[in-house]
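Undergrad: As input, take entry.cif (mmCIF, C-alpha atoms and all ligand atoms):
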data_work
loop_
_atom_site.label_atom_id
_atom_site.label_comp_id
_atom_site.auth_asym_id
_atom_site.auth_seq_id
_atom_site.Cartn_x
_atom_site.Cartn_y
_atom_site.Cartn_z
CA MET A 22 -18.72 0.12 -15.22
CA VAL A 23 -20.29 3.43 -14.41
CA PRO A 24 -19.61 5.83 -11.61
CA GLY A 25 -22.17 5.71 -8.86
CA TRP A 26 -22.66 1.98 -8.31
CA TRP A 27 -23.13 3.01 -4.77
CA THR A 28 -22.62 5.98 -2.56
CA TRP A 29 -20.14 6.03 0.26
CA ALA A 30 -22.91 6.69 2.78
CA ASP A 31 -24.71 3.47 1.74
CA HIS A 32 -21.73 1.31 2.50
CA ARG A 33 -20.14 2.97 5.47
CA GLU A 34 -21.22 0.20 7.86
CA GLU A 35 -19.45 -2.37 5.71
CA VAL A 36 -16.16 -0.98 6.92
CA VAL A 37 -16.79 -2.49 10.33
CA PRO A 38 -15.65 -6.08 9.84
CA VAL A 39 -18.52 -8.25 11.04
CA MET A 40 -17.56 -11.61 9.57
CA GLY A 41 -20.91 -13.33 9.78
CA ALA A 42 -22.70 -10.40 8.21
CA ASP A 43 -20.18 -9.90 5.42
CA ARG A 44 -21.89 -10.83 2.18
CA SER A 45 -19.07 -9.69 -0.07
CA MET A 46 -17.18 -11.97 -2.45
CA VAL A 47 -13.47 -12.71 -2.56
CA TYR A 48 -11.32 -14.54 -5.10
CA LEU A 49 -9.44 -17.58 -3.80
CA ASP A 50 -7.89 -20.57 -5.54
CA GLY A 51 -9.40 -19.77 -8.92
CA ARG A 52 -12.95 -19.12 -7.72
CA PHE A 53 -15.15 -16.22 -6.69
CA VAL A 54 -16.56 -17.24 -3.30
CA PRO A 55 -18.48 -15.50 -0.51
CA ARG A 56 -16.11 -14.05 2.10
CA SER A 57 -17.63 -16.26 4.82
CA GLU A 58 -16.92 -19.43 2.78
CA ALA A 59 -13.34 -18.60 1.75
CA LYS A 60 -10.97 -20.91 3.61
CA LEU A 61 -7.21 -20.97 3.42
CA ASP A 62 -5.58 -24.36 3.93
CA VAL A 63 -3.98 -24.48 7.41
CA GLU A 64 -0.77 -25.77 5.83
CA ASP A 65 -0.53 -22.95 3.33
CA ARG A 66 3.01 -21.61 3.55
CA GLY A 67 1.57 -18.13 3.80
CA VAL A 68 0.12 -19.20 7.16
CA LEU A 69 3.12 -21.21 8.36
CA PHE A 70 6.03 -19.05 7.14
CA ALA A 71 4.52 -15.79 5.80
CA ASP A 72 5.90 -17.29 2.59
CA GLY A 73 4.23 -15.00 0.12
CA VAL A 74 3.88 -11.48 -1.22
CA TYR A 75 1.10 -8.95 -1.58
CA GLU A 76 0.02 -5.68 -3.13
CA VAL A 77 -2.45 -3.02 -2.06
CA LEU A 78 -4.02 -0.82 -4.72
CA ARG A 79 -7.00 1.47 -5.08
CA ALA A 80 -10.04 1.46 -7.31
CA TYR A 81 -11.44 4.91 -8.01
CA GLY A 82 -14.71 5.14 -9.92
CA GLY A 83 -14.31 1.49 -10.94
CA HIS A 84 -10.79 2.03 -12.36
CA LEU A 85 -7.64 0.59 -10.85
CA TYR A 86 -5.04 3.29 -10.31
CA ARG A 87 -1.50 2.34 -11.44
CA ALA A 88 -2.54 -1.31 -11.76
CA GLU A 89 0.25 -2.22 -14.19
CA ALA A 90 2.88 -0.77 -11.85
CA HIS A 91 1.48 -2.79 -8.94
CA LEU A 92 1.46 -5.91 -11.09
CA ALA A 93 5.07 -5.31 -12.11
CA ARG A 94 6.09 -4.91 -8.45
CA LEU A 95 4.17 -8.08 -7.54
CA ARG A 96 6.18 -9.94 -10.16
CA GLN A 97 9.42 -8.51 -8.75
CA SER A 98 8.44 -9.55 -5.22
CA LEU A 99 7.60 -13.06 -6.48
CA GLU A 100 10.96 -13.23 -8.18
CA GLY A 101 12.58 -12.08 -4.93
CA LEU A 102 11.07 -15.10 -3.16
CA ARG A 103 11.63 -17.39 -6.13
CA ILE A 104 7.93 -18.12 -6.56
CA ALA A 105 7.10 -18.70 -10.24
CA PRO A 106 4.07 -16.53 -11.05
CA PRO A 107 0.98 -18.72 -11.41
CA ALA A 108 -1.37 -18.24 -14.38
CA ASP A 109 -3.77 -16.14 -12.28
CA VAL A 110 -1.15 -13.41 -12.02
CA GLU A 111 -1.52 -12.81 -15.78
CA ARG A 112 -5.25 -12.30 -15.28
CA LEU A 113 -5.11 -10.45 -11.97
CA ILE A 114 -6.37 -7.11 -13.26
CA GLY A 115 -9.33 -8.74 -15.03
CA ILE A 116 -10.09 -10.88 -11.97
CA THR A 117 -10.02 -7.78 -9.77
CA LEU A 118 -12.34 -5.80 -12.03
CA GLU A 119 -14.77 -8.71 -12.06
CA LEU A 120 -14.60 -9.00 -8.28
CA LEU A 121 -15.27 -5.26 -7.88
CA GLU A 122 -18.25 -5.58 -10.17
CA ARG A 123 -19.58 -8.63 -8.32
CA ASN A 124 -19.25 -6.68 -5.07
CA GLY A 125 -20.80 -3.54 -6.59
CA ARG A 126 -17.77 -1.57 -5.48
CA ALA A 127 -16.41 1.29 -7.55
CA GLU A 128 -14.47 2.78 -4.64
CA ALA A 129 -12.34 0.17 -2.99
CA THR A 130 -9.03 -0.82 -1.56
CA VAL A 131 -7.82 -3.98 -3.30
CA TYR A 132 -5.54 -6.62 -1.80
CA TRP A 133 -3.63 -9.15 -3.89
CA GLN A 134 -1.80 -11.98 -2.16
CA VAL A 135 0.22 -14.81 -3.66
CA THR A 136 1.74 -17.46 -1.39
CA ARG A 137 3.94 -20.42 -2.24
CA GLY A 138 0.93 -22.65 -1.59
CA VAL A 139 0.27 -25.73 0.50
CA ALA A 140 3.07 -28.07 1.59
CA THR A 141 4.07 -30.13 4.62
CA ARG A 142 6.00 -27.86 6.96
CA ASP A 143 9.61 -27.76 5.85
CA ARG A 144 11.72 -24.62 5.50
CA ARG A 145 13.00 -25.77 2.12
CA MET A 146 10.82 -24.93 -0.84
CA PRO A 147 8.48 -27.63 -2.18
CA ALA A 148 9.62 -29.12 -5.48
CA GLN A 149 6.37 -28.40 -7.30
CA PRO A 150 4.61 -25.56 -5.55
CA VAL A 151 1.08 -24.56 -6.49
CA PRO A 152 0.80 -20.92 -5.40
CA THR A 153 -2.35 -19.69 -3.69
CA VAL A 154 -3.84 -16.49 -5.12
CA LEU A 155 -6.19 -14.39 -3.02
CA VAL A 156 -7.95 -11.13 -3.95
CA LEU A 157 -9.89 -9.06 -1.43
CA THR A 158 -11.67 -5.73 -1.79
CA TRP A 159 -12.71 -3.35 0.95
CA PRO A 160 -15.05 -0.40 0.49
CA THR A 161 -13.20 2.89 0.72
CA ALA A 162 -14.22 6.54 0.80
CA PRO A 163 -14.30 8.20 -2.63
CA LEU A 164 -11.60 10.67 -3.49
CA ALA A 165 -13.80 13.68 -2.75
CA VAL A 166 -14.03 12.64 0.91
CA SER A 167 -10.26 12.52 1.36
CA GLU A 168 -9.66 15.46 -0.92
CA ALA A 169 -11.15 18.25 1.13
CA GLU A 170 -8.17 18.39 3.44
CA LEU A 171 -4.59 17.32 3.32
CA THR A 172 -4.25 14.73 6.04
CA CYS A 173 -2.04 15.77 8.95
CA ARG A 174 -0.30 13.04 10.84
CA SER A 175 1.77 12.80 13.94
CA ALA A 176 4.65 10.34 13.93
CA ILE A 177 7.22 8.80 16.22
CA LEU A 178 10.65 7.51 15.31
CA GLN A 179 11.26 3.78 15.59
CA PRO A 180 14.39 1.70 15.00
CA ASP A 181 14.01 -0.31 11.80
CA ARG A 182 14.48 -3.94 12.82
CA ARG A 183 13.00 -5.48 9.68
CA TRP A 184 14.89 -7.90 7.48
CA GLY A 185 17.28 -6.64 4.82
CA ARG A 186 15.02 -7.26 1.81
CA CYS A 187 12.40 -4.59 2.32
CA TRP A 188 12.11 -4.07 -1.45
CA ILE A 189 10.12 -7.34 -1.46
CA LYS A 190 6.51 -6.69 -0.44
CA SER A 191 6.46 -9.77 1.72
CA LEU A 192 3.63 -10.89 4.00
CA MET A 193 6.01 -10.72 6.96
CA LEU A 194 4.92 -7.46 8.55
CA LEU A 195 5.52 -8.20 12.22
CA ASP A 196 8.00 -5.41 12.81
CA ASN A 197 5.60 -3.03 11.04
CA VAL A 198 2.86 -4.25 13.39
CA LEU A 199 5.03 -3.61 16.45
CA ALA A 200 6.12 -0.18 15.23
CA ALA A 201 2.57 0.86 14.31
CA GLN A 202 1.40 -0.28 17.73
CA ALA A 203 4.21 1.69 19.41
CA ALA A 204 2.94 4.75 17.54
CA ALA A 205 -0.62 4.08 18.68
CA ALA A 206 0.57 3.67 22.26
CA ALA A 207 2.25 7.07 21.98
CA ALA A 208 -1.01 8.53 20.59
CA ALA A 209 0.71 9.10 17.23
CA ASP A 210 -0.63 8.12 13.81
CA GLU A 211 2.46 6.61 12.28
CA ALA A 212 5.97 5.39 12.97
CA ILE A 213 8.91 6.46 10.83
CA TYR A 214 11.73 3.96 10.72
CA HIS A 215 15.44 4.68 10.92
CA ARG A 216 18.46 2.38 10.74
CA ASP A 217 21.19 3.73 13.00
CA GLY A 218 19.92 7.25 12.49
CA THR A 219 19.32 6.97 8.73
CA VAL A 220 15.64 7.34 7.84
CA THR A 221 14.20 4.48 5.80
CA GLU A 222 10.39 4.72 5.51
CA GLY A 223 7.08 4.57 7.38
CA THR A 224 5.39 1.31 8.37
CA ALA A 225 3.10 1.61 5.32
CA ALA A 226 4.38 4.63 3.41
CA ASN A 227 7.51 6.28 2.00
CA VAL A 228 8.96 9.48 3.42
CA PHE A 229 9.76 12.80 1.70
CA ILE A 230 11.15 15.89 3.40
CA VAL A 231 11.73 19.48 2.40
CA HIS A 232 15.05 20.53 3.88
CA GLY A 233 16.88 23.73 3.01
CA GLY A 234 14.27 24.29 0.30
CA ARG A 235 14.98 20.98 -1.44
CA LEU A 236 12.61 18.05 -1.75
CA ILE A 237 14.43 14.89 -0.64
CA THR A 238 13.41 11.25 -0.56
CA THR A 239 15.24 8.06 0.34
CA PRO A 240 16.69 6.17 -2.65
CA ALA A 241 14.76 3.04 -3.62
CA ASP A 242 17.39 0.56 -2.45
CA GLU A 243 16.91 -2.77 -0.66
CA ALA A 244 16.11 -1.02 2.64
CA ILE A 245 12.74 0.32 1.52
CA LEU A 246 9.75 -0.63 -0.55
CA ALA A 247 9.86 1.28 -3.82
CA GLY A 248 6.41 2.82 -3.49
CA ILE A 249 4.24 3.20 -6.56
CA THR A 250 3.01 6.48 -5.07
CA ARG A 251 6.59 7.54 -4.35
CA ALA A 252 7.49 7.05 -8.03
CA ARG A 253 4.42 9.01 -9.13
CA VAL A 254 5.17 11.85 -6.71
CA ILE A 255 8.76 12.00 -8.01
CA ASP A 256 7.44 12.35 -11.58
CA ILE A 257 4.91 14.96 -10.51
CA ALA A 258 7.57 16.94 -8.64
CA ALA A 259 9.88 16.82 -11.66
CA ALA A 260 7.09 17.98 -13.98
CA ALA A 261 6.37 20.84 -11.58
CA GLY A 262 10.02 21.88 -11.69
CA LEU A 263 10.66 21.10 -8.02
CA ASP A 264 14.23 20.48 -7.01
CA LEU A 265 14.25 16.80 -5.99
CA GLU A 266 17.08 14.74 -4.60
CA GLN A 267 17.07 10.98 -3.92
CA ARG A 268 19.51 10.52 -1.09
CA HIS A 269 19.70 9.20 2.44
CA PHE A 270 18.91 11.64 5.22
CA ASN A 271 19.18 11.28 8.95
CA THR A 272 16.80 11.73 11.84
CA THR A 273 18.22 15.19 12.62
CA GLU A 274 17.41 16.35 9.09
CA LEU A 275 13.97 14.81 9.49
CA ALA A 276 13.30 16.59 12.78
CA THR A 277 14.57 19.94 11.46
CA ALA A 278 12.87 19.70 8.05
CA GLU A 279 10.58 22.48 6.88
CA GLU A 280 8.11 19.78 5.78
CA VAL A 281 7.75 16.02 6.14
CA MET A 282 5.41 13.96 3.97
CA LEU A 283 4.30 10.36 3.72
CA THR A 284 3.26 8.82 0.41
CA GLY A 285 1.44 5.55 -0.19
CA THR A 286 -1.55 3.91 -1.79
CA THR A 287 -3.68 4.24 1.32
CA THR A 288 -2.13 7.59 2.27
CA ASN A 289 -1.73 9.47 -1.02
CA VAL A 290 0.24 12.48 0.24
CA ALA A 291 -0.06 13.16 3.97
CA ALA A 292 1.79 15.86 5.87
CA VAL A 293 3.58 14.87 9.06
CA THR A 294 3.26 17.92 11.26
CA ASN A 295 4.52 16.49 14.52
CA LEU A 296 7.43 14.16 15.23
CA ASP A 297 7.95 12.66 18.68
CA GLY A 298 5.70 15.37 20.13
CA VAL A 299 7.56 18.28 18.51
CA ALA A 300 6.12 20.36 15.65
CA ILE A 301 7.66 20.00 12.19
CA GLY A 302 8.22 23.46 10.71
CA SER A 303 5.21 25.62 11.48
CA GLY A 304 3.22 22.60 12.69
CA GLU A 305 0.89 23.01 9.69
CA PRO A 306 1.04 21.32 6.27
CA GLY A 307 3.50 23.26 4.12
CA PRO A 308 3.19 24.50 0.54
CA VAL A 309 5.06 21.58 -1.05
CA ALA A 310 2.83 19.00 0.66
CA ARG A 311 -0.24 20.92 -0.50
CA GLN A 312 1.05 21.16 -4.05
CA LEU A 313 1.97 17.46 -4.29
CA HIS A 314 -1.28 16.37 -2.65
CA THR A 315 -3.37 18.34 -5.17
CA ALA A 316 -1.25 17.21 -8.11
CA LEU A 317 -1.45 13.55 -7.09
CA LEU A 318 -5.23 13.68 -6.78
CA ASP A 319 -5.38 15.33 -10.22
CA ASP A 320 -3.24 12.49 -11.57
CA ILE A 321 -5.58 9.88 -10.05
CA ARG A 322 -8.60 11.68 -11.55
CA GLN A 323 -6.96 11.84 -14.93
CA GLU A 324 -5.84 8.20 -15.03
CA CYS A 325 -9.17 6.92 -13.71
CA GLY A 326 -11.22 9.20 -15.98
CA LEU A 327 -13.03 10.87 -13.10
CA GLU A 328 -14.97 14.08 -13.57
CA PRO A 329 -13.62 16.93 -11.47
CA GLY A 330 -15.70 17.17 -8.32
CA TRP A 331 -17.13 13.67 -8.74
CA SER A 332 -15.45 10.72 -7.11
N1 LIG A 401 1.84 -0.42 1.91
N2 LIG A 401 6.54 1.31 2.36
C1 LIG A 401 5.89 0.31 2.99
C2 LIG A 401 6.60 -0.43 4.06
C3 LIG A 401 4.57 0.00 2.64
O1 LIG A 401 3.95 -1.00 3.25
C4 LIG A 401 3.92 0.76 1.63
C5 LIG A 401 2.52 0.50 1.19
C6 LIG A 401 4.64 1.81 1.01
C7 LIG A 401 4.04 2.66 -0.08
O2 LIG A 401 3.95 1.94 -1.28
P1 LIG A 401 2.82 2.29 -2.37
O3 LIG A 401 2.94 3.73 -2.68
O4 LIG A 401 3.13 1.43 -3.50
O5 LIG A 401 1.49 1.99 -1.73
C8 LIG A 401 5.96 2.03 1.39
C9 LIG A 401 0.46 -0.78 1.64
C10 LIG A 401 -0.44 0.38 1.42
C11 LIG A 401 0.00 -1.71 2.72
O6 LIG A 401 0.79 -2.54 3.14
O7 LIG A 401 -1.14 -1.63 3.14
#
Can I see the file as structure tokens?
TA:
Amino acid sequence: MVPGWWTWADHREEVVPVMGADRSMVYLDGRFVPRSEAKLDVEDRGVLFADGVYEVLRAYGGHLYRAEAHLARLRQSLEGLRIAPPADVERLIGITLELLERNGRAEATVYWQVTRGVATRDRRMPAQPVPTVLVLTWPTAPLAVSEAELTCRSAILQPDRRWGRCWIKSLMLLDNVLAAQAAAAAAADEAIYHRDGTVTEGTAANVFIVHGGRLITTPADEAILAGITRARVIDIAAAAGLDLEQRHFNTTELATAEEVMLTGTTTNVAAVTNLDGVAIGSGEPGPVARQLHTALLDDIRQECGLEPGWS
């Protein structure tokens, strides 16, 4: 695989999902099939009960960033739902690289989904489930496009009404949908969840703050998804000698923080500069957000073997 299979400009239109015109391939039920021909069984438990798990990862320059960590978390999520990993899970990285190649995509967002499979509707688990494995790829801007600026986001606070097993990356995202939509309705980019005043995470990202000069992030307990990006940012912060604490913090600490950041696969490091219509700190991305953003992109470049200034 070589850099430059395509340029971002060539594929920009592909981002608009026009089903009929989508000629890309997906992987479903052991086969590479055109997107328009891929059909999920209507009695798949993923459809009926959201009975499944997923992962989202990024390909940069044809390399999957932190793929092993995503695979490990997928296995944990499967274990959490008591779905025995099907054989395809072993081969998921190879399948994904082949799919990227078939789609001519070096820069992509990758989606892995494993459901408990097809069974007559019954809440109890089928005795001999045959899990359904789905892999999708979407074209995504190369790193250079997102690199130029640290993304600034506005956020609103939302009560966290999700289930108590948020460490499982389950398909059941309805509360995330409602919270993200509440943010959109308030003309904000993101919602940050809290449980009775204790901050948990964003709808698709983890939260870090700088408060009293210390970098703080929520502990990876059952109430949040232990982000792969979060773990990387913690390592990067430690290597940079930043003072980092993993502890719970409340919405007052969030609102009065010097800096607030979101981390995630589709976010990398983004600065939250406005919360519920009020500026965070100076209202501009702070020095820690800038430092972590740059260091994370360097880490991606290094792991994916990208030339500086290329992808
Ligand atoms: N979500 N918390 C939640 C609730 C998330 O959905 C995500 C990522 C994260 C960050 O995890 P990671 O750093 O491993 O991407 C935290 C993906 C991007 C999604 O659902 O699209």
Undergrad: Enclose segment 79-98 of chain A, meaning all of its atoms listed in the file, in a box aligned along x, y and z, pad it by 6 Å on each side, and list the centre and edge lengths in Å to one decimal, as JSON.
TA:
{"center_x": -2.6, "center_y": -2.4, "center_z": -9.6, "size_x": 36.1, "size_y": 27.1, "size_z": 21.1}
Undergrad: May I have the residues within 7 Å of segment 97-104 of chain A as a ChimeraX atom specification, using all atoms listed in the file and disregarding those fewer than 6 positions away in the same chain?
TA: /A:74,137,189-190
Undergrad: Could you state the separation of atom CA of Ala176 of chain A and atom CA of Asn295 of chain A in Å, given to one decimal place?
TA: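 According to the coordinates, atom CA of Ala176 of chain A and atom CA of Asn295 of chain A are separated by 6.2 Å.
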Undergrad: Extract, using all atoms listed in the file, all DNA, RNA and protein residues at most 8 Å from segment 275-289 of chain A, discarding same-chain residues fewer than 3 positions from it, and format them as an MDAnalysis selection string.
TA: chainID A and resid 77:79 130 220 223 225:234 248:251 254 270:272 292:294 296 301:303 306:307 309:310 314 317:318
Undergrad: What does the distance between atom O7 of ligand LIG 401 (chain A) and atom CA of Pro55 of chain A come to in Å, to one decimal place?
TA: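 Between these atoms lies a distance of 22.5 Å.
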Undergrad: For atom CA of Ala259 of chain A and atom CA of Arg322 of chain A, quote the distance in Å rounded to one decimal.
TA: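 Distance between the two atoms: 19.2 Å.
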Undergrad: Rank A:Gly82, A:Ser191, A:Thr221, A:Thr238 by their smallest atom-to-atom distance to Gln267 of chain A, using all atoms listed in the file, and report the top residue only.
TA: A:Thr238
Undergrad: Looking at A:Leu171, A:Arg94, A:Val156, A:Ala291, which one is nearest to ligand LIG 401 (chain A), with distances taken over all atoms listed in the file?
TA: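 When distances to ligand LIG 401 (chain A) are compared using all atoms listed in the file, the smallest one comes from A:Arg94.
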Undergrad: For Met46 of chain A, which of A:Cys173, A:Ala148, A:Cys325, A:Ile116 is the closest residue, counting all atoms listed in the file?
TA: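 For Met46 of chain A, the nearest of the given residues is A:Ile116.
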Undergrad: Rank nothing, just name the residue among A:Val299, A:Glu64, A:Thr224, A:Val47 nearest to ligand LIG 401 (chain A), using all atoms listed in the file.
TA: A:Thr224
Undergrad: Taking all atoms listed in the file into account, which of A:Leu113, A:Leu95, A:Val154, A:Ala206 comes nearest ligand LIG 401 (chain A)?
TA: A:Leu95
Undergrad: When you count only C-alpha atoms, which of these residues is closest to Glu266 of chain A: A:Leu49, A:Leu236, A:Ala93, A:Met146?
TA: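 For Glu266 of chain A, the nearest of the candidates is A:Leu236.
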Undergrad: Just want the 9 Å neighbourhood of Gly185 of chain A, counted on all atoms listed in the file, with same-chain residues fewer than 5 positions away dropped. Output as a PyMOL selection string.
TA: chain A and resi 243-245
Undergrad: Using all atoms listed in the file, which residues sit within 7 Å of Arg268 of chain A once same-chain residues fewer than 3 positions away are excluded, as a list in words?
TA: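 Near neighbours after the sequence-gap exclusion: Ile237, Thr238, Thr239 and Pro240 of chain A.
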